[in-house]
>>> print(open('coords_29.txt').read())   # compact mmCIF, C-alpha atoms
# COMPACT_ATOMS: atom_id res chain seq x y z
CA MET E 10 -31.00 41.02 48.79
CA MET E 11 -29.31 43.40 46.34
CA ARG E 12 -31.70 44.50 43.55
CA ARG E 13 -30.29 46.17 40.46
CA MET E 14 -31.65 46.27 36.93
CA ASN E 15 -28.25 46.17 35.22
CA CYS E 16 -25.88 44.10 37.27
CA PRO E 17 -22.35 43.75 35.83
CA TYR E 18 -22.76 39.99 36.30
CA SER E 19 -25.71 39.87 33.93
CA GLU E 20 -23.73 38.58 30.94
CA LYS E 21 -21.89 36.07 33.11
CA THR E 22 -25.26 34.81 34.31
CA ILE E 23 -26.28 34.21 30.69
CA LEU E 24 -23.05 32.36 29.94
CA TYR E 25 -23.51 30.33 33.11
CA PHE E 26 -27.04 29.33 32.17
CA TYR E 27 -25.92 28.07 28.76
CA GLY E 28 -22.86 26.29 30.16
CA GLU E 29 -20.34 28.61 28.54
CA LEU E 30 -18.82 30.06 31.68
CA PRO E 31 -15.44 28.56 32.69
CA ALA E 32 -15.48 26.39 35.81
CA GLY E 33 -13.79 28.99 38.02
CA GLY E 34 -16.20 31.67 36.91
CA ALA E 35 -19.16 29.40 37.61
CA ALA E 36 -18.24 29.05 41.29
CA GLU E 37 -17.89 32.81 41.62
CA LEU E 38 -21.23 33.40 39.93
CA LYS E 39 -23.06 30.95 42.14
CA ALA E 40 -21.85 32.89 45.13
CA HIS E 41 -22.99 36.13 43.48
CA LEU E 42 -26.46 34.77 42.70
CA ASP E 43 -27.16 34.29 46.38
CA GLY E 44 -26.96 38.02 46.95
CA CYS E 45 -28.21 39.51 43.68
CA SER E 46 -31.92 39.45 42.95
CA SER E 47 -31.40 40.94 39.48
CA CYS E 48 -29.19 38.07 38.30
CA ALA E 49 -31.36 35.52 40.09
CA ALA E 50 -34.35 36.91 38.20
CA ASP E 51 -32.41 36.76 34.92
CA LEU E 52 -31.63 33.14 35.57
CA ALA E 53 -35.25 32.37 36.37
CA ALA E 54 -36.38 34.18 33.21
CA LEU E 55 -33.88 32.24 31.10
CA LYS E 56 -35.11 28.98 32.57
CA SER E 57 -38.71 29.92 31.93
CA LEU E 58 -37.96 31.01 28.37
CA SER E 59 -36.09 27.81 27.59
CA GLU E 60 -38.96 25.73 28.90
CA GLY E 61 -41.28 27.69 26.65
CA PHE E 62 -38.98 27.11 23.67
CA GLU E 63 -38.77 23.46 24.55
CA VAL E 64 -42.51 22.91 24.31
CA PHE E 65 -42.83 25.09 21.20
CA LYS E 66 -42.43 22.52 18.45
CA PRO E 67 -44.40 23.66 15.42
CA SER E 68 -44.79 21.23 12.54
CA PRO E 69 -42.77 22.39 9.55
CA PRO E 70 -44.48 22.32 6.16
CA PRO E 71 -43.71 19.32 3.95
CA LEU E 72 -40.53 19.67 1.97
CA ASP E 73 -40.50 17.79 -1.31
CA ILE E 74 -36.87 17.01 -2.06
CA GLU E 75 -37.62 16.21 -5.70
CA ALA E 76 -39.41 19.53 -6.09
CA LEU E 77 -36.55 21.21 -4.26
CA SER E 78 -34.11 19.71 -6.71
CA ALA E 79 -36.29 20.77 -9.63
CA GLY E 80 -36.64 24.23 -8.09
CA SER E 81 -32.91 24.47 -7.76
CA ARG E 82 -32.37 23.41 -11.36
CA ARG E 83 -35.06 25.84 -12.46
CA SER E 84 -33.37 28.56 -10.47
CA ALA E 85 -30.06 27.81 -12.17
CA ALA E 86 -31.75 27.91 -15.59
CA GLU E 87 -33.52 31.11 -14.64
CA ARG E 88 -30.23 32.67 -13.56
CA LEU E 89 -28.64 31.62 -16.85
CA THR E 90 -31.57 33.02 -18.82
CA ALA E 91 -31.54 36.18 -16.75
CA GLY E 92 -27.82 36.58 -17.38
CA PHE E 93 -28.35 36.11 -21.10
CA MET E 94 -31.22 38.57 -21.06
CA ARG E 95 -29.02 41.12 -19.29
CA LEU E 96 -26.21 40.67 -21.86
CA ALA E 97 -28.43 40.43 -24.94
CA PRO E 98 -29.18 44.18 -25.23
CA ALA E 99 -25.48 45.01 -24.96
CA GLY E 100 -24.65 42.41 -27.63
CA ALA E 101 -27.39 43.72 -29.90
CA MET E 102 -26.13 47.27 -29.47
CA ALA E 103 -22.60 46.23 -30.35
CA ALA E 104 -23.81 44.40 -33.48
CA VAL E 105 -25.87 47.39 -34.60
CA PHE E 106 -22.90 49.68 -34.05
CA LEU E 107 -20.56 47.49 -36.10
CA VAL E 108 -23.02 47.17 -38.99
CA ALA E 109 -23.68 50.91 -38.98
CA PHE E 110 -19.97 51.65 -38.88
CA HIS E 111 -19.31 49.32 -41.81
CA LEU E 112 -22.14 50.72 -43.91
CA SER E 113 -21.33 54.36 -43.26
CA ASN E 114 -17.70 53.90 -44.28
CA ARG E 115 -18.28 51.62 -47.22
CA GLY E 116 -16.18 52.83 -50.27
CA SER E 117 -14.84 55.89 -48.57
CA VAL E 118 -12.25 54.51 -46.25
CA PRO E 119 -9.25 52.79 -47.89
CA SER E 120 -8.45 49.31 -46.85
CA GLY E 121 -5.24 48.69 -44.99
CA TRP E 122 -3.11 48.23 -48.06
CA GLN E 123 -4.48 51.45 -49.56
CA SER E 124 -4.11 53.59 -46.52
CA ASP E 125 -1.69 56.40 -45.74
CA ILE E 126 0.16 54.10 -43.41
CA ASP E 127 0.79 51.68 -46.22
CA ALA E 128 1.91 54.51 -48.48
CA GLY E 129 4.42 55.62 -45.87
CA LEU E 130 5.76 52.08 -45.55
CA ALA E 131 6.18 51.84 -49.33
CA ASP E 132 8.14 55.07 -49.30
CA ILE E 133 10.46 53.76 -46.62
CA GLU E 134 10.90 50.53 -48.53
CA GLY E 135 11.79 52.45 -51.68
CA ARG E 136 14.40 54.46 -49.82
CA ILE E 137 15.92 51.27 -48.46
CA TYR E 138 16.30 49.88 -52.01
CA THR E 139 17.93 53.13 -53.10
CA LEU E 140 20.38 53.03 -50.24
CA GLU E 141 21.23 49.41 -51.04
CA ASP E 142 21.90 50.42 -54.64
CA GLU E 143 24.09 53.32 -53.55
CA MET E 144 26.05 51.04 -51.25
CA ALA E 145 26.45 48.46 -54.00
CA TYR E 146 28.07 51.03 -56.23
CA SER E 147 29.94 53.00 -53.59
CA PRO E 148 33.73 53.63 -53.78
CA SER E 149 34.26 51.23 -50.93
CA VAL E 150 32.68 48.50 -53.00
CA ASP E 151 35.07 49.44 -55.87
CA PHE E 152 37.94 49.23 -53.44
CA ASP E 153 36.88 45.83 -52.29
CA TYR E 154 36.57 44.67 -55.86
CA GLU E 155 40.02 46.00 -56.81
CA TYR E 156 41.60 44.52 -53.71
CA SER E 157 40.11 41.15 -54.49
CA ASP E 158 41.33 41.44 -58.09
CA LEU E 159 44.85 42.22 -56.92
CA GLU E 160 44.84 39.21 -54.64
CA THR E 161 43.79 36.98 -57.51
CA ARG E 162 46.45 38.37 -59.77
CA LYS E 163 49.08 37.87 -57.03
CA LYS E 164 48.07 34.28 -56.60
CA GLN E 165 48.32 33.75 -60.32
CA ALA E 166 51.79 35.28 -60.29
CA ASP E 167 52.82 33.03 -57.45
CA GLY E 168 51.61 30.10 -59.49
CA TRP E 169 48.83 29.05 -57.13
CA ALA E 170 46.02 29.30 -59.56
CA MET N 9 -29.11 18.04 16.97
CA ALA N 10 -26.56 16.26 14.76
CA ASP N 11 -22.92 16.51 15.62
CA LYS N 12 -20.35 17.92 13.24
CA ALA N 13 -19.03 14.51 12.12
CA ASP N 14 -22.48 13.22 11.13
CA ASP N 15 -23.22 16.37 9.20
CA ALA N 16 -19.86 16.29 7.42
CA GLU N 17 -20.52 12.72 6.33
CA LEU N 18 -23.94 13.62 4.98
CA VAL N 19 -22.57 16.64 3.15
CA LYS N 20 -19.78 14.54 1.66
CA ALA N 21 -22.26 11.88 0.56
CA PHE N 22 -24.43 14.56 -1.05
CA LYS N 23 -21.43 15.94 -2.91
CA ASN N 24 -20.71 12.42 -4.14
CA GLY N 25 -24.15 12.27 -5.67
CA VAL N 26 -26.15 10.57 -2.91
CA THR N 27 -29.28 12.72 -3.06
CA GLY N 28 -30.74 10.89 -0.06
CA ALA N 29 -28.06 12.44 2.12
CA PHE N 30 -29.86 15.75 1.80
CA ASP N 31 -32.96 14.08 3.28
CA GLY N 32 -30.87 13.25 6.31
CA LEU N 33 -29.83 16.87 6.78
CA VAL N 34 -33.39 18.08 6.29
CA SER N 35 -34.86 15.65 8.79
CA LYS N 36 -32.29 16.68 11.41
CA TYR N 37 -32.68 20.41 11.04
CA LYS N 38 -36.20 21.07 9.77
CA GLY N 39 -37.70 21.24 13.28
CA PRO N 40 -35.25 23.69 14.87
CA LEU N 41 -35.04 25.74 11.69
CA TYR N 42 -38.80 26.08 11.34
CA ALA N 43 -39.20 26.97 15.02
CA TYR N 44 -36.54 29.68 14.60
CA LEU N 45 -38.23 31.06 11.48
CA LEU N 46 -41.70 31.07 13.06
CA ARG N 47 -40.54 32.64 16.33
CA ILE N 48 -38.64 35.38 14.51
CA SER N 49 -41.21 36.14 11.80
CA HIS N 50 -44.35 35.73 13.95
CA ASP N 51 -46.17 34.71 10.82
CA ARG N 52 -46.83 31.17 9.62
CA ASP N 53 -47.05 32.05 5.93
CA SER N 54 -43.76 33.92 6.07
CA ALA N 55 -42.15 31.10 8.04
CA ASP N 56 -43.37 28.53 5.48
CA GLU N 57 -42.04 30.62 2.62
CA LEU N 58 -38.69 31.20 4.35
CA PHE N 59 -38.44 27.52 5.22
CA GLN N 60 -38.66 26.53 1.53
CA GLU N 61 -36.37 29.36 0.50
CA VAL N 62 -33.65 28.41 2.98
CA PHE N 63 -33.61 24.76 1.96
CA ILE N 64 -33.57 25.65 -1.74
CA LYS N 65 -30.56 27.89 -1.11
CA VAL N 66 -28.85 25.21 0.95
CA PHE N 67 -29.52 22.58 -1.71
CA ARG N 68 -28.15 24.86 -4.40
CA LYS N 69 -25.06 25.96 -2.49
CA LEU N 70 -24.22 22.75 -0.68
CA SER N 71 -21.80 21.62 -3.39
CA SER N 72 -19.75 24.79 -2.83
CA TYR N 73 -20.00 24.66 0.98
CA GLY N 74 -16.43 24.54 2.25
CA GLU N 75 -17.02 22.28 5.29
CA ARG N 76 -14.59 24.38 7.33
CA GLU N 77 -17.41 25.69 9.48
CA LYS N 78 -20.03 23.62 11.23
CA PHE N 79 -22.94 22.77 8.94
CA SER N 80 -25.51 23.99 11.48
CA ALA N 81 -23.71 27.35 11.72
CA TRP N 82 -23.75 27.63 7.93
CA LEU N 83 -27.44 26.62 7.73
CA PHE N 84 -28.48 29.20 10.31
CA THR N 85 -26.34 31.84 8.60
CA VAL N 86 -28.30 31.20 5.39
CA ALA N 87 -31.52 31.37 7.41
CA HIS N 88 -30.47 34.58 9.17
CA HIS N 89 -29.77 36.29 5.83
CA ALA N 90 -33.08 35.06 4.42
CA VAL N 91 -34.89 36.51 7.45
CA MET N 92 -33.07 39.83 7.12
CA ASP N 93 -33.96 40.01 3.41
CA HIS N 94 -37.54 39.16 4.28
CA PHE N 95 -37.75 41.97 6.83
CA ARG N 96 -36.09 44.43 4.51
CA ALA N 97 -38.41 43.51 1.64
CA GLY N 98 -41.53 43.89 3.72
CA ALA N 99 -40.99 46.89 5.98
CA ARG N 100 -44.71 47.26 6.40
CA ARG N 101 -45.19 43.62 7.33
CA ARG N 102 -42.28 43.88 9.74
CA GLU N 103 -43.83 46.80 11.53
CA ASP N 104 -47.05 44.87 11.96
CA SER N 105 -45.51 41.63 13.11
CA LEU N 106 -43.02 43.06 15.56
CA ASP N 107 -45.53 45.08 17.47
CA LEU N 108 -47.96 42.24 18.02
CA SER N 109 -47.72 39.26 20.26
CA VAL N 110 -48.56 35.78 18.99
CA ASP N 111 -52.26 35.39 18.31
CA GLY N 112 -54.42 33.95 21.03
CA ARG N 113 -51.94 34.55 23.82
CA PRO N 114 -53.50 36.01 26.96
CA SER N 115 -52.39 39.49 27.99
CA LEU N 116 -50.49 40.15 31.16
CA GLY N 117 -53.43 42.02 32.63
CA ASP N 118 -55.73 39.08 31.99
CA THR N 119 -53.46 36.53 33.49
CA LEU N 120 -51.84 38.05 36.52
CA ALA N 121 -54.15 37.78 39.47
CA SER N 122 -52.38 39.89 42.06
CA ALA N 123 -49.23 41.88 42.70
CA GLU N 124 -46.47 40.24 44.63
CA PRO N 125 -43.07 41.82 45.29
CA GLY N 126 -39.80 40.11 44.32
CA PRO N 127 -38.65 38.72 40.95
CA GLU N 128 -39.15 35.08 41.91
CA GLY N 129 -42.79 35.73 42.69
CA ILE N 130 -43.25 37.67 39.49
CA LEU N 131 -41.65 35.02 37.35
CA GLU N 132 -43.44 32.16 39.01
CA ARG N 133 -46.85 33.57 38.24
CA ALA N 134 -45.81 34.97 34.90
CA GLU N 135 -44.49 31.61 33.83
CA ARG N 136 -47.71 29.96 34.90
CA ALA N 137 -49.69 32.29 32.67
CA GLY N 138 -47.30 32.20 29.75
CA THR N 139 -46.58 35.90 30.14
CA VAL N 140 -42.82 35.49 30.03
CA GLN N 141 -43.26 34.29 26.47
CA ALA N 142 -45.59 37.19 25.76
CA ALA N 143 -43.03 39.65 27.12
CA PHE N 144 -40.36 37.93 25.07
CA ASP N 145 -42.41 38.37 21.91
CA ARG N 146 -42.41 42.12 22.49
CA LEU N 147 -38.62 42.38 22.42
CA SER N 148 -36.86 43.81 19.37
CA PRO N 149 -36.10 41.26 16.61
CA GLU N 150 -32.37 41.61 17.28
CA GLN N 151 -32.89 40.79 20.95
CA ARG N 152 -35.27 37.92 20.23
CA GLU N 153 -33.03 36.44 17.60
CA VAL N 154 -30.10 35.79 19.94
CA PHE N 155 -32.34 33.91 22.38
CA ILE N 156 -33.96 31.90 19.60
CA LEU N 157 -30.70 31.12 17.84
CA ARG N 158 -29.03 30.08 21.07
CA HIS N 159 -31.86 27.72 21.89
CA TYR N 160 -32.81 26.22 18.53
CA SER N 161 -29.44 26.10 16.78
CA GLY N 162 -27.55 24.84 19.81
CA LEU N 163 -24.61 26.98 18.69
CA SER N 164 -22.28 28.85 21.02
CA PHE N 165 -22.42 32.61 21.50
CA LYS N 166 -19.22 32.89 19.48
CA GLU N 167 -20.86 31.09 16.56
CA ILE N 168 -24.01 33.19 16.92
CA ALA N 169 -21.81 36.28 16.75
CA GLY N 170 -20.47 34.93 13.45
CA ILE N 171 -23.97 34.31 12.11
CA THR N 172 -25.34 37.72 13.03
CA GLY N 173 -22.15 39.55 12.08
CA VAL N 174 -21.69 41.34 15.40
CA PRO N 175 -19.10 40.94 18.20
CA ILE N 176 -19.86 38.41 20.94
CA GLY N 177 -20.12 41.28 23.43
CA THR N 178 -22.98 42.72 21.39
CA VAL N 179 -24.75 39.34 21.34
CA LEU N 180 -24.54 39.08 25.13
CA ALA N 181 -25.51 42.73 25.59
CA ARG N 182 -28.63 42.20 23.46
CA MET N 183 -29.58 39.25 25.59
CA SER N 184 -28.89 41.07 28.83
CA ARG N 185 -30.92 44.11 27.76
CA GLY N 186 -33.70 41.81 26.57
CA LEU N 187 -33.88 40.14 29.97
CA ALA N 188 -33.89 43.51 31.76
CA LYS N 189 -36.66 44.75 29.50
CA MET N 190 -38.74 41.66 30.11
CA ARG N 191 -38.34 41.90 33.86
CA GLY N 192 -39.15 45.59 33.78
CA GLU N 193 -42.30 44.99 31.76
CA LEU N 194 -43.47 42.20 34.01
CA ALA N 195 -42.88 44.29 37.13
CA GLU N 196 -44.67 47.28 35.59
CA ARG N 197 -47.67 45.22 34.64
CA LEU N 198 -47.87 43.74 38.08
CA LYS N 199 -47.80 47.21 39.60
CA ASP N 200 -50.63 48.31 37.30
CA GLU N 201 -52.67 45.26 38.18
CA GLY N 202 -52.07 45.77 41.89
>>> encode(input="coords_29.txt", output="structure tokens")
Amino acid sequence: MMRRMNCPYSEKTILYFYGELPAGGAAELKAHLDGCSSCAADLAALKSLSEGFEVFKPSPPPLDIEALSAGSRRSAAERLTAGFMRLAPAGAMAAVFLVAFHLSNRGSVPSGWQSDIDAGLADIEGRIYTLEDEMAYSPSVDFDYEYSDLETRKKQADGWA
Amino acid sequence: MADKADDAELVKAFKNGVTGAFDGLVSKYKGPLYAYLLRISHDRDSADELFQEVFIKVFRKLSSYGEREKFSAWLFTVAHHAVMDHFRAGARRREDSLDLSVDGRPSLGDTLASAEPGPEGILERAERAGTVQAAFDRLSPEQREVFILRHYSGLSFKEIAGITGVPIGTVLARMSRGLAKMRGELAERLKDEG
């Protein structure tokens, strides 16, 4: 009988024992087992182990479903609390920073409407008014006015008005 | 072991607010799960603690369980991760538990009466004395776990590969090496005794 410690059929023997070897492979393995003491020993060991597992039936500790449910709820509450506790220092730091920022700049920093930005906007607005005035009194406006006046006078001459 | 359809019905009932459905899942799986935890941890207190921990996690996460995978595969995945965390958290305890066989088990030297050539002879006497189990308990946790999972979960090697996060070839190689190691140890002991 062939005796090898690491037969290439070793894994197939395991699959065969647990019924996971395809039918064709099973026939081939059976033939192999007749001549390989290593795989035959593996098979015997697997059988022996499984019998040992079969008789090993320890009694599990009692499991109180109500307590489990309570434990689960407590765990959820603990996670929520833990999350809050992790975020609380960051929130406190942010609040302290904002208060400190406000106090340190109180009276010295102009509000939005008093700022340089607002001053710049007012300047632009003033220039727009000026331009509108200039356009209102530009020669082109005079031309338009005179043209309109001529049209009126023509209509009057034609007897329309 | 419950089939997939039964488990899916219980999970669905639980999601619909039938708390008793969880009892059904517990009663079906508590035995195999506890045996797995005790065989892998080698410590009753740790197994008890892990047992509670796994079912609390399952209870908490069951509403988000997708039902695409088999419930038993999901349950043993939760258990596998709990065991890994347990070992990682207690490196010292791990060292102690992995090097010792289960308390009260007779040693190979005490139980093997005489040397006899051939694996059948070795295994026959070793089995009689419970030494195969003792040799098994001395395997690495990774090697032991695949045997234990395959037996107690009833899952296929492909599913066990999914649980342990390694390729199926690795699962089978661990088992094959475990068997070789056990046979080698038994033969060595017999030689010493002879």
>>> residues_around(input="coords_29.txt", residues="stretch 13-27 of chain N", least_positions_apart="5", cutoff="7 Å", atoms="all atoms listed in the file", output="PDB file with C-alpha atoms, in the frame of the given file")
ATOM      1  CA  LEU N  33     -29.830  16.870   6.780  1.00  0.00           C
ATOM      2  CA  SER N  71     -21.800  21.620  -3.390  1.00  0.00           C
ATOM      3  CA  GLU N  75     -17.020  22.280   5.290  1.00  0.00           C
ATOM      4  CA  PHE N  79     -22.940  22.770   8.940  1.00  0.00           C
TER       5      PHE N  79
END
>>> atom_distance(input="coords_29.txt", atom1="atom CA of N:Ala188", atom2="atom CA of E:Ser46")
12.1 Å
>>> closest_residue(input="coords_29.txt", among="E:Ala103, E:Cys45, E:Leu130, E:Leu140", to="chain N", atoms="all atoms listed in the file")
E:Cys45
>>> interface_residues(input="coords_29.txt", of="chain N", to="chain E", cutoff="6 Å", atoms="all atoms listed in the file", output="mmCIF file with C-alpha atoms, in the frame of the given file")
data_model
loop_
_atom_site.group_PDB
_atom_site.id
_atom_site.type_symbol
_atom_site.label_atom_id
_atom_site.label_comp_id
_atom_site.auth_asym_id
_atom_site.auth_seq_id
_atom_site.Cartn_x
_atom_site.Cartn_y
_atom_site.Cartn_z
ATOM 1 C CA TYR N 42 -38.800 26.080 11.340
ATOM 2 C CA ILE N 64 -33.570 25.650 -1.740
ATOM 3 C CA ARG N 68 -28.150 24.860 -4.400
ATOM 4 C CA PRO N 127 -38.650 38.720 40.950
ATOM 5 C CA LEU N 180 -24.540 39.080 25.130
#
>>> atom_distance(input="coords_29.txt", atom1="atom CA of N:Ile156", atom2="atom CA of N:Ile171")
12.7 Å
>>> atom_distance(input="coords_29.txt", atom1="atom CA of N:Gly32", atom2="atom CA of N:Thr85")
19.3 Å
>>> closest_residue(input="coords_29.txt", among="N:His89, N:Arg152, N:Arg76, N:Lys166", to="N:Leu187", atoms="all atoms listed in the file")
N:Arg152
>>> closest_residue(input="coords_29.txt", among="N:Gly39, N:Gly177, N:Gly192, N:Gly98", to="N:Phe144", atoms="all atoms listed in the file")
N:Gly192
>>> residues_around(input="coords_29.txt", residues="N:Glu61", least_positions_apart="5", cutoff="9 Å", atoms="only C-alpha atoms", output="compact mmCIF listing (two decimals) with C-alpha atoms, in the frame of the given file")
# COMPACT_ATOMS: atom_id res chain seq x y z
CA ASP N 56 -43.37 28.53 5.48
CA VAL N 66 -28.85 25.21 0.95
CA ALA N 87 -31.52 31.37 7.41
CA ALA N 90 -33.08 35.06 4.42
